[in-house]
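Have a look at the structure below, then the notes.
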Amino acid sequence: MSKKPLHIKTPVRYLINALLFAALLFGGRVLIAGGGVSPFYVGIVTLAGINIILAVSLNMATGYLGQLPLGHAGFMAVGAYASAIFMTRSGLDPAVAMPFGLLIGGLVAAIFGVLIGIPALRLKGDYIAIITLGFGEIIRIVLLNIDEVLGFPFTYGAASLKGIPETSTFFNTFLLVGVTCFAIHTLMKSRHGRAILSIRENEIAADSCGVNLTYYKVMGFTVSAFFAGIAGSLYAGYLGILNPSNFSFMKSIEILVFVVLGGMGSMIGSVLSATVLTILPELLRQFAEWRMIVYALLLILVMVFKPSGLMGRFDFSMGRMLENIINVLTGRKTLKGKGGKTNG
Amino acid sequence: MDKLVPVPSRGVVPERDVDKRPILETNNLGIDFGGLIAVDDFTILVGRTEIAGLIGPNGAGKTTVFNLLTNVYQPTRGIIMLDGISTQGLKTYQINKRGIARTFQNIRLFKELSVADNVKIGLQNTMSYSLAEAVLRLPGYWKQEKRAHARALELLSIFNMDHMADWKAGSLPYGAQRRLEIVRALASEPKLLLLDEPAAGMNPSETADLMENIRKIRDRFQIAVLLIEHDMNLVMGICEGIAVLNYGRIIAKGSPDEIKSNPVVIEAYLGKREEENHA
C-alpha cells in the first residue's frame, strides 16, 4: 500500500449526511405533493417514522444504558396526551402550536422519566422491567379514569380524546426522526455517552472510574423518555384521536421487539427494524390471517440465528462507508475488514 | 501512629517521605459482615510517593481493604484520611475524584468499547463540557475531546499500547488487558493508585516489565502506589513498605527485609515448624 488511506474530515462527514438527509426529506415531500404516492402509503411511512423515533429512544435505555424498561408506551402516552390536550385547548393555529405541542409532550414525558427513573434505577435487571411495566399500566389506567376523579373532562378516558389537529406529516415526522437520531448520536459520542456505555459494560468499574451511576442512569432514562414523548406527540397528531388502549402493554412490547430485532445498541438496527416491522404487516395484508404468523416466524428466526439482533452492535456511518468505497476503488486499501473495531 | 514503612526501627523511613504529609492514613479501620470480622484494627500510613505492598494468604481481607478505601463498603469502625481529609460518607465515584484510582483482581474493563474509549472514561473527571455542548457539537466539545484523545494516546504509550487505541478492549491479550486497567486508572489523575494483583497470570518476563513500569509510573506521576500481590519477587523487588494481613488483622509491617525474616509472617505463610514435622 503506497498511498495513505483517505480520511474524510468530520465536518465534511456531517455535511454529506446533512445533504443526503435533506435530499431524502425534500425528495419525499415533492413526490408526495406530486401525488405520486397514495395517501395510504404516506400514512404507513409516517407511522414508520414515529416508530423509528420510539425504537431509537428505547434503544438508548436498553442498548446503550443496558437496562430493560417495559413501560415505553407509558412515556409515549404521557407525551401524546400532554401535547394533544395543549393542541386542542390552546386556541392557537395548529401550525403555530405544533412545535410547542411537541416540546410540551417531550418535556412532560421527560419529567415522568426522572420521577420513575430515580426509584426504578436503584434496582437491577428484571426488577426494572417489572417496575416500568407497572408504571406503564398505571399511566394507562390513570388516563382512562382521571376524569371521574377530577370531575371534568380532561382526557375523555374510554370515550377518546377527539379533534386533535392532524399536524403530523411525512415531512415534519422525518425531520424529527433526523433530529432524534442526530441528538442521540452526538450524545453517545461524547463524555456523557461514554459514561452511559460504561454503566452497561461494567457498573463497578464505571463507579470506580468516577462515573456518577445514578446521575447517568437517570440521564439515559430521561433522554429516552423525552424522545418517546416527542413520538407520542407525533402519534397524537397522526391519528387525530387518542384512546388509552392505544398505549397498552403490547405497545411497549412492540417497541421492544423493534429494538431487540434490530440489535440492542445499534441505532441503524433500530431504524431498519422499526421500518420493516411497520411496513411488513401492511404489505402482508392480502394474506389476511397468515400475516401475523409470518411476522412471528420472522422474529423467531432472527432470534435463533442472530440472537444479538440483525445489526448486533454495529453502528452505521455514511462517512466511513464512503471512505471505504473510495479507498477500495482507488486501490488504497484492500477489501479486508479491519476487525475488532467497535462503536458501542 | 506508625508508618507502613518500618515500624520496629523508625530510622529507615525512605528519605523522600520523611517530611511530607502521608497521602493515606487509616486508623483502626474495620468492617464486620454479620458476625464475621473481615478486617479489624487496620492502621497504616502510606507516603506521598511510596510504593507499598499489602500481602497475606488467600481470604486474609486484602481486597476488602481496597473496597473499604474506595468506599465500596462502608467501614464499621475507624477512619480513612486521604491527603489529610476524611473520606467518610463519600460515594465511590467521589473517592475517585478525590484521588484514589484502582484496578481489579478479576479484570473489569469495558470490553465492548475501544481501548481509547476505556481510557477516556477514566478521563471523565478531567472533562467538563455540558450535555448541550455535546449534543450541539459546540467548540467546548471539540476542544476537550481533542485534548482527551491526545491524552489517552499519551497514557497508552506508557505501555506501548497507543497503536491498539482502536481495538476492542475485550479482544486484547490478557496481559494487555491488565495493563489497560492500569492506564485507565492513571487517566483519572490519582494521587494514590491501588493495584489488585497486577501480576496475576503474567509470566516472569511480563512481571519484570510490570515492576519496571510501576516504578516508572511512580517516578513520572509522583504518586503513591498500594498494591496487593502474591508474586513475592515483585513485592520484595519494588515495595518500600509492606503490611502483612492474616485473618483481617495486620500481623507485621516493615521493609521487605524485615518482612522476609519475620517469624510471624513465615508462620502465617508456611505454618509452624512443629506441625510441619508431624505432617
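Chain labels run A, B, ... following the order of the C-alpha cells; each chain numbers its residues from 1, and ligands are numbered from 1 in the order shown.
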
Could you make a table, as JSON lines, of the residues of chain B that have an atom within 7 Å of an atom of chain A, each with its nearest atom pair and distance in Å to one decimal, counting only C-alpha atoms, in chain and number order?
```
{"residue": "B:Thr92", "atom": "CA", "partner": "A:Ser208", "partner_atom": "CA", "distance": 5.9}
{"residue": "B:Tyr93", "atom": "CA", "partner": "A:Gly210", "partner_atom": "CA", "distance": 4.0}
{"residue": "B:Gln94", "atom": "CA", "partner": "A:Gly210", "partner_atom": "CA", "distance": 6.4}
{"residue": "B:Asn96", "atom": "CA", "partner": "A:Gly210", "partner_atom": "CA", "distance": 5.2}
{"residue": "B:Lys97", "atom": "CA", "partner": "A:Gly210", "partner_atom": "CA", "distance": 6.2}
{"residue": "B:Ala101", "atom": "CA", "partner": "A:Ser208", "partner_atom": "CA", "distance": 6.8}
{"residue": "B:Arg108", "atom": "CA", "partner": "A:Ala205", "partner_atom": "CA", "distance": 5.9}
{"residue": "B:Phe110", "atom": "CA", "partner": "A:Glu201", "partner_atom": "CA", "distance": 5.0}
{"residue": "B:Lys111", "atom": "CA", "partner": "A:Glu201", "partner_atom": "CA", "distance": 6.7}
{"residue": "B:Glu112", "atom": "CA", "partner": "A:Gly344", "partner_atom": "CA", "distance": 6.5}
{"residue": "B:Leu113", "atom": "CA", "partner": "A:Gly344", "partner_atom": "CA", "distance": 5.8}
{"residue": "B:Ser114", "atom": "CA", "partner": "A:Thr342", "partner_atom": "CA", "distance": 6.3}
{"residue": "B:Ile121", "atom": "CA", "partner": "A:Arg194", "partner_atom": "CA", "distance": 6.3}
{"residue": "B:Gly122", "atom": "CA", "partner": "A:Cys209", "partner_atom": "CA", "distance": 5.3}
{"residue": "B:Gln124", "atom": "CA", "partner": "A:Arg191", "partner_atom": "CA", "distance": 6.5}
{"residue": "B:Asn125", "atom": "CA", "partner": "A:Gly210", "partner_atom": "CA", "distance": 6.6}
{"residue": "B:Ala134", "atom": "CA", "partner": "A:Leu187", "partner_atom": "CA", "distance": 5.9}
{"residue": "B:Val135", "atom": "CA", "partner": "A:Thr186", "partner_atom": "CA", "distance": 5.0}
{"residue": "B:Asp166", "atom": "CA", "partner": "A:Lys341", "partner_atom": "CA", "distance": 6.0}
{"residue": "B:Trp167", "atom": "CA", "partner": "A:Lys341", "partner_atom": "CA", "distance": 5.4}
{"residue": "B:Lys168", "atom": "CA", "partner": "A:Gly340", "partner_atom": "CA", "distance": 5.4}
{"residue": "B:Ser171", "atom": "CA", "partner": "A:Gly340", "partner_atom": "CA", "distance": 6.9}
{"residue": "B:Ala185", "atom": "CA", "partner": "A:Cys209", "partner_atom": "CA", "distance": 7.0}
```

Using only C-alpha atoms, determine which residues lie at most 9 Å from B:Leu210, disregarding the query and same-chain residues fewer than 2 positions distant; provide the list as a VMD selection string. chain B and resid 179 198 to 199 205 to 208 212 to 215 234

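Across the model, the gap from atom CA of A:Gly79 to atom CA of A:Gly106 is 5.7 Å.
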
Could you name the residues that touch stretch 171-175 of chain A at 8 Å or less, counting only C-alpha atoms, but leaving out those on the same chain fewer than 4 positions away, as a list of chain:residue names? A:Leu25, A:Phe26, A:Gly28, A:Arg29, A:Thr46, A:Gly49, A:Ile50, A:Val179, A:Leu234

Please save N, CA and C atoms of the selected residues as an mmCIF file, in the first residue's frame.
```cif
data_model
loop_
_atom_site.group_PDB
_atom_site.id
_atom_site.type_symbol
_atom_site.label_atom_id
_atom_site.label_comp_id
_atom_site.auth_asym_id
_atom_site.auth_seq_id
_atom_site.Cartn_x
_atom_site.Cartn_y
_atom_site.Cartn_z
ATOM 1 N N LEU A 25 -35.534 13.970 2.483
ATOM 2 C CA LEU A 25 -36.686 14.649 3.066
ATOM 3 C C LEU A 25 -37.461 15.418 2.003
ATOM 4 N N PHE A 26 -36.737 16.238 1.222
ATOM 5 C CA PHE A 26 -37.426 17.063 0.237
ATOM 6 C C PHE A 26 -37.854 16.229 -0.958
ATOM 7 N N GLY A 28 -38.932 13.162 -0.833
ATOM 8 C CA GLY A 28 -40.177 12.539 -0.394
ATOM 9 C C GLY A 28 -41.321 13.518 -0.425
ATOM 10 N N ARG A 29 -41.034 14.732 -0.009
ATOM 11 C CA ARG A 29 -42.077 15.747 0.046
ATOM 12 C C ARG A 29 -42.603 16.070 -1.353
ATOM 13 N N THR A 46 -45.312 7.461 7.399
ATOM 14 C CA THR A 46 -45.288 8.393 8.526
ATOM 15 C C THR A 46 -45.298 7.623 9.849
ATOM 16 N N GLY A 49 -42.022 6.341 10.586
ATOM 17 C CA GLY A 49 -41.153 7.391 11.147
ATOM 18 C C GLY A 49 -41.355 7.524 12.646
ATOM 19 N N ILE A 50 -42.630 7.510 13.072
ATOM 20 C CA ILE A 50 -42.930 7.616 14.510
ATOM 21 C C ILE A 50 -42.337 6.423 15.246
ATOM 22 N N VAL A 179 -33.643 14.699 13.639
ATOM 23 C CA VAL A 179 -33.203 15.415 14.842
ATOM 24 C C VAL A 179 -32.933 14.422 15.967
ATOM 25 N N LEU A 234 -46.273 13.209 18.083
ATOM 26 C CA LEU A 234 -46.455 12.995 16.642
ATOM 27 C C LEU A 234 -47.589 12.009 16.391
#
```

Quick one: residues within 7 Å of stretch 160-162 of chain A, only C-alpha atoms counted, chain neighbours fewer than 3 positions away excluded, as a VMD selection string? chain A and resid 155 to 157 240 to 243

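When only C-alpha atoms are used to compute distances to A:Thr214, the closest of the residues A:Pro119, A:Ser317, A:Phe226, A:Leu277 turns out to be A:Pro119.
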
With a distance cut-off of 7 Å and only C-alpha atoms, select the neighbouring residues of stretch 247-261 of chain B, excluding the residue or stretch itself and same-chain residues fewer than 2 positions from it, and output the selection as a PDB file with all heavy atoms, in the first residue's frame.
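Output file out_14.pdb follows:
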```
ATOM      1  N   LEU B   4       3.652   2.600  57.514  1.00  0.00           N
ATOM      2  CA  LEU B   4       3.682   1.314  56.847  1.00  0.00           C
ATOM      3  C   LEU B   4       5.126   0.867  56.634  1.00  0.00           C
ATOM      4  O   LEU B   4       5.483  -0.276  56.812  1.00  0.00           O
ATOM      5  CB  LEU B   4       2.961   1.396  55.502  1.00  0.00           C
ATOM      6  CG  LEU B   4       2.890   0.111  54.705  1.00  0.00           C
ATOM      7  CD1 LEU B   4       2.312  -1.003  55.547  1.00  0.00           C
ATOM      8  CD2 LEU B   4       2.055   0.308  53.473  1.00  0.00           C
ATOM      9  N   VAL B   5       5.923   1.853  56.267  1.00  0.00           N
ATOM     10  CA  VAL B   5       7.355   1.586  56.150  1.00  0.00           C
ATOM     11  C   VAL B   5       7.867   1.473  57.587  1.00  0.00           C
ATOM     12  O   VAL B   5       7.270   2.044  58.492  1.00  0.00           O
ATOM     13  CB  VAL B   5       8.014   2.727  55.359  1.00  0.00           C
ATOM     14  CG1 VAL B   5       9.515   2.619  55.408  1.00  0.00           C
ATOM     15  CG2 VAL B   5       7.524   2.670  53.932  1.00  0.00           C
ATOM     16  N   PRO B   6       8.946   0.750  57.816  1.00  0.00           N
ATOM     17  CA  PRO B   6       9.481   0.309  59.091  1.00  0.00           C
ATOM     18  C   PRO B   6       8.775   0.725  60.359  1.00  0.00           C
ATOM     19  O   PRO B   6       8.662   1.903  60.651  1.00  0.00           O
ATOM     20  CB  PRO B   6      10.900   0.839  59.061  1.00  0.00           C
ATOM     21  CG  PRO B   6      11.221   0.942  57.617  1.00  0.00           C
ATOM     22  CD  PRO B   6       9.947   0.864  56.837  1.00  0.00           C
ATOM     23  N   VAL B   7       8.328  -0.207  61.085  1.00  0.00           N
ATOM     24  CA  VAL B   7       7.741   0.077  62.381  1.00  0.00           C
ATOM     25  C   VAL B   7       8.775  -0.106  63.490  1.00  0.00           C
ATOM     26  O   VAL B   7       9.024   0.824  64.251  1.00  0.00           O
ATOM     27  CB  VAL B   7       6.517  -0.804  62.649  1.00  0.00           C
ATOM     28  CG1 VAL B   7       5.895  -0.425  63.971  1.00  0.00           C
ATOM     29  CG2 VAL B   7       5.522  -0.668  61.528  1.00  0.00           C
ATOM     30  N   ALA B  38     -14.280  -9.117  59.202  1.00  0.00           N
ATOM     31  CA  ALA B  38     -13.486  -9.319  57.982  1.00  0.00           C
ATOM     32  C   ALA B  38     -12.159  -8.591  58.059  1.00  0.00           C
ATOM     33  O   ALA B  38     -11.127  -9.119  57.678  1.00  0.00           O
ATOM     34  CB  ALA B  38     -14.280  -8.865  56.765  1.00  0.00           C
ATOM     35  N   VAL B  39     -12.205  -7.359  58.529  1.00  0.00           N
ATOM     36  CA  VAL B  39     -10.981  -6.579  58.707  1.00  0.00           C
ATOM     37  C   VAL B  39     -11.081  -5.894  60.060  1.00  0.00           C
ATOM     38  O   VAL B  39     -12.152  -5.415  60.428  1.00  0.00           O
ATOM     39  CB  VAL B  39     -10.819  -5.519  57.590  1.00  0.00           C
ATOM     40  CG1 VAL B  39      -9.635  -4.613  57.876  1.00  0.00           C
ATOM     41  CG2 VAL B  39     -10.650  -6.184  56.229  1.00  0.00           C
ATOM     42  N   ASP B  40      -9.984  -5.860  60.788  1.00  0.00           N
ATOM     43  CA  ASP B  40     -10.021  -5.235  62.109  1.00  0.00           C
ATOM     44  C   ASP B  40      -8.711  -4.516  62.396  1.00  0.00           C
ATOM     45  O   ASP B  40      -7.642  -4.975  62.001  1.00  0.00           O
ATOM     46  CB  ASP B  40     -10.292  -6.307  63.177  1.00  0.00           C
ATOM     47  CG  ASP B  40     -10.753  -5.655  64.475  1.00  0.00           C
ATOM     48  OD1 ASP B  40     -11.327  -4.549  64.406  1.00  0.00           O
ATOM     49  OD2 ASP B  40     -10.534  -6.258  65.542  1.00  0.00           O
ATOM     50  N   ASP B  41      -8.840  -3.369  63.056  1.00  0.00           N
ATOM     51  CA  ASP B  41      -7.667  -2.638  63.526  1.00  0.00           C
ATOM     52  C   ASP B  41      -6.633  -2.432  62.424  1.00  0.00           C
ATOM     53  O   ASP B  41      -5.449  -2.665  62.615  1.00  0.00           O
ATOM     54  CB  ASP B  41      -7.038  -3.396  64.715  1.00  0.00           C
ATOM     55  CG  ASP B  41      -6.107  -2.478  65.506  1.00  0.00           C
ATOM     56  OD1 ASP B  41      -6.247  -1.244  65.355  1.00  0.00           O
ATOM     57  OD2 ASP B  41      -5.251  -2.996  66.232  1.00  0.00           O
ATOM     58  N   PHE B  42      -7.118  -2.005  61.269  1.00  0.00           N
ATOM     59  CA  PHE B  42      -6.223  -1.810  60.130  1.00  0.00           C
ATOM     60  C   PHE B  42      -5.678  -0.390  60.172  1.00  0.00           C
ATOM     61  O   PHE B  42      -6.382   0.564  59.877  1.00  0.00           O
ATOM     62  CB  PHE B  42      -6.968  -2.085  58.822  1.00  0.00           C
ATOM     63  CG  PHE B  42      -6.094  -2.074  57.607  1.00  0.00           C
ATOM     64  CD1 PHE B  42      -5.391  -3.206  57.235  1.00  0.00           C
ATOM     65  CD2 PHE B  42      -5.966  -0.916  56.837  1.00  0.00           C
ATOM     66  CE1 PHE B  42      -4.576  -3.193  56.107  1.00  0.00           C
ATOM     67  CE2 PHE B  42      -5.146  -0.910  55.720  1.00  0.00           C
ATOM     68  CZ  PHE B  42      -4.455  -2.050  55.361  1.00  0.00           C
ATOM     69  N   ALA B  60      -7.448 -13.281  53.412  1.00  0.00           N
ATOM     70  CA  ALA B  60      -6.982 -12.513  54.564  1.00  0.00           C
ATOM     71  C   ALA B  60      -7.707 -11.174  54.694  1.00  0.00           C
ATOM     72  O   ALA B  60      -7.674 -10.554  55.748  1.00  0.00           O
ATOM     73  CB  ALA B  60      -5.478 -12.291  54.461  1.00  0.00           C
ATOM     74  N   GLY B  61      -8.335 -10.721  53.602  1.00  0.00           N
ATOM     75  CA  GLY B  61      -9.082  -9.464  53.646  1.00  0.00           C
ATOM     76  C   GLY B  61      -8.421  -8.340  52.870  1.00  0.00           C
ATOM     77  O   GLY B  61      -8.773  -7.182  53.050  1.00  0.00           O
ATOM     78  N   MET B 236       8.749  -7.955  46.935  1.00  0.00           N
ATOM     79  CA  MET B 236      10.022  -7.684  47.601  1.00  0.00           C
ATOM     80  C   MET B 236      10.898  -6.790  46.729  1.00  0.00           C
ATOM     81  O   MET B 236      11.751  -6.058  47.225  1.00  0.00           O
ATOM     82  CB  MET B 236      10.766  -8.997  47.908  1.00  0.00           C
ATOM     83  CG  MET B 236      10.007  -9.908  48.867  1.00  0.00           C
ATOM     84  SD  MET B 236       9.731  -9.109  50.449  1.00  0.00           S
ATOM     85  CE  MET B 236       8.537 -10.190  51.200  1.00  0.00           C
ATOM     86  N   GLU B 240       8.519  -0.456  49.050  1.00  0.00           N
ATOM     87  CA  GLU B 240       9.391   0.142  50.051  1.00  0.00           C
ATOM     88  C   GLU B 240       8.875  -0.150  51.452  1.00  0.00           C
ATOM     89  O   GLU B 240       9.623  -0.125  52.417  1.00  0.00           O
ATOM     90  CB  GLU B 240       9.485   1.647  49.803  1.00  0.00           C
ATOM     91  CG  GLU B 240      10.277   1.948  48.552  1.00  0.00           C
ATOM     92  CD  GLU B 240       9.674   3.059  47.733  1.00  0.00           C
ATOM     93  OE1 GLU B 240       8.584   3.533  48.060  1.00  0.00           O
ATOM     94  OE2 GLU B 240      10.296   3.451  46.737  1.00  0.00           O
ATOM     95  N   GLY B 241       7.584  -0.413  51.526  1.00  0.00           N
ATOM     96  CA  GLY B 241       7.000  -0.798  52.804  1.00  0.00           C
ATOM     97  C   GLY B 241       5.958  -1.874  52.556  1.00  0.00           C
ATOM     98  O   GLY B 241       5.298  -1.870  51.521  1.00  0.00           O
ATOM     99  N   ILE B 242       5.844  -2.816  53.484  1.00  0.00           N
ATOM    100  CA  ILE B 242       4.911  -3.927  53.290  1.00  0.00           C
ATOM    101  C   ILE B 242       4.106  -4.135  54.557  1.00  0.00           C
ATOM    102  O   ILE B 242       4.641  -4.046  55.671  1.00  0.00           O
ATOM    103  CB  ILE B 242       5.675  -5.227  52.941  1.00  0.00           C
ATOM    104  CG1 ILE B 242       6.403  -5.073  51.592  1.00  0.00           C
ATOM    105  CG2 ILE B 242       4.718  -6.421  52.872  1.00  0.00           C
ATOM    106  CD1 ILE B 242       7.358  -6.209  51.292  1.00  0.00           C
ATOM    107  N   ALA B 243       2.828  -4.379  54.395  1.00  0.00           N
ATOM    108  CA  ALA B 243       1.993  -4.788  55.519  1.00  0.00           C
ATOM    109  C   ALA B 243       1.483  -6.194  55.230  1.00  0.00           C
ATOM    110  O   ALA B 243       1.093  -6.484  54.114  1.00  0.00           O
ATOM    111  CB  ALA B 243       0.828  -3.830  55.693  1.00  0.00           C
ATOM    112  N   VAL B 244       1.527  -7.061  56.244  1.00  0.00           N
ATOM    113  CA  VAL B 244       1.062  -8.432  56.059  1.00  0.00           C
ATOM    114  C   VAL B 244      -0.262  -8.604  56.796  1.00  0.00           C
ATOM    115  O   VAL B 244      -0.370  -8.276  57.982  1.00  0.00           O
ATOM    116  CB  VAL B 244       2.084  -9.456  56.584  1.00  0.00           C
ATOM    117  CG1 VAL B 244       1.634 -10.873  56.224  1.00  0.00           C
ATOM    118  CG2 VAL B 244       3.457  -9.174  56.025  1.00  0.00           C
ATOM    119  N   LEU B 245      -1.246  -9.104  56.067  1.00  0.00           N
ATOM    120  CA  LEU B 245      -2.572  -9.265  56.633  1.00  0.00           C
ATOM    121  C   LEU B 245      -2.863 -10.757  56.800  1.00  0.00           C
ATOM    122  O   LEU B 245      -2.556 -11.553  55.917  1.00  0.00           O
ATOM    123  CB  LEU B 245      -3.572  -8.653  55.639  1.00  0.00           C
ATOM    124  CG  LEU B 245      -4.849  -7.996  56.152  1.00  0.00           C
ATOM    125  CD1 LEU B 245      -4.522  -6.872  57.112  1.00  0.00           C
ATOM    126  CD2 LEU B 245      -5.642  -7.461  54.969  1.00  0.00           C
ATOM    127  N   PRO B 263       9.345 -13.978  61.894  1.00  0.00           N
ATOM    128  CA  PRO B 263       8.844 -15.339  62.165  1.00  0.00           C
ATOM    129  C   PRO B 263       7.323 -15.442  62.084  1.00  0.00           C
ATOM    130  O   PRO B 263       6.785 -16.474  61.668  1.00  0.00           O
ATOM    131  CB  PRO B 263       9.349 -15.634  63.590  1.00  0.00           C
ATOM    132  CG  PRO B 263       9.765 -14.322  64.155  1.00  0.00           C
ATOM    133  CD  PRO B 263      10.110 -13.435  63.025  1.00  0.00           C
ATOM    134  N   VAL B 265       5.327 -13.843  60.079  1.00  0.00           N
ATOM    135  CA  VAL B 265       4.943 -13.904  58.662  1.00  0.00           C
ATOM    136  C   VAL B 265       5.217 -15.289  58.113  1.00  0.00           C
ATOM    137  O   VAL B 265       4.388 -15.883  57.417  1.00  0.00           O
ATOM    138  CB  VAL B 265       5.722 -12.848  57.848  1.00  0.00           C
ATOM    139  CG1 VAL B 265       5.367 -12.958  56.366  1.00  0.00           C
ATOM    140  CG2 VAL B 265       5.421 -11.454  58.367  1.00  0.00           C
TER     141      VAL B 265
END
```

Residues flagged helix (DSSP H, G or I) by DSSP in stretch 44-261 of chain B, as a PyMOL selection string: chain B and resi 62-69+92-98+115-126+131-135+139-159+162-164+169-171+174-187+204-221+232-238+256-260

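You will find atom CA of B:Leu29 at 7.3 Å from atom CA of B:Ile80.
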
Test item: residues at most 8 Å from stretch 221-230 of chain B, only C-alpha atoms, excluding those fewer than 4 positions along its chain, as a list in words: Ile23, Val46, Gly47, Arg48, Thr49, Glu50, Ile51, Ala52, Gly53, Leu54, Ile55, Gly56, Lys62, Thr63, Pro190, Lys191, Leu192, Leu193, Leu194, Leu195, Asp196, Glu197, Pro198, Ala199, Ala200, Ile217, Leu234 and Val235 of chain B

So, with only C-alpha atoms as the atoms that count, which of B:Ile238, B:Met232, B:Leu82, B:Ile182 lies closest to B:Pro204? B:Met232

Quick one: DSSP strand (DSSP E) residues in stretch 53-250 of chain B, as a ChimeraX atom specification? /B:53-55,77-82,85-86,100-102,192-196,224-228,241-246,249-250
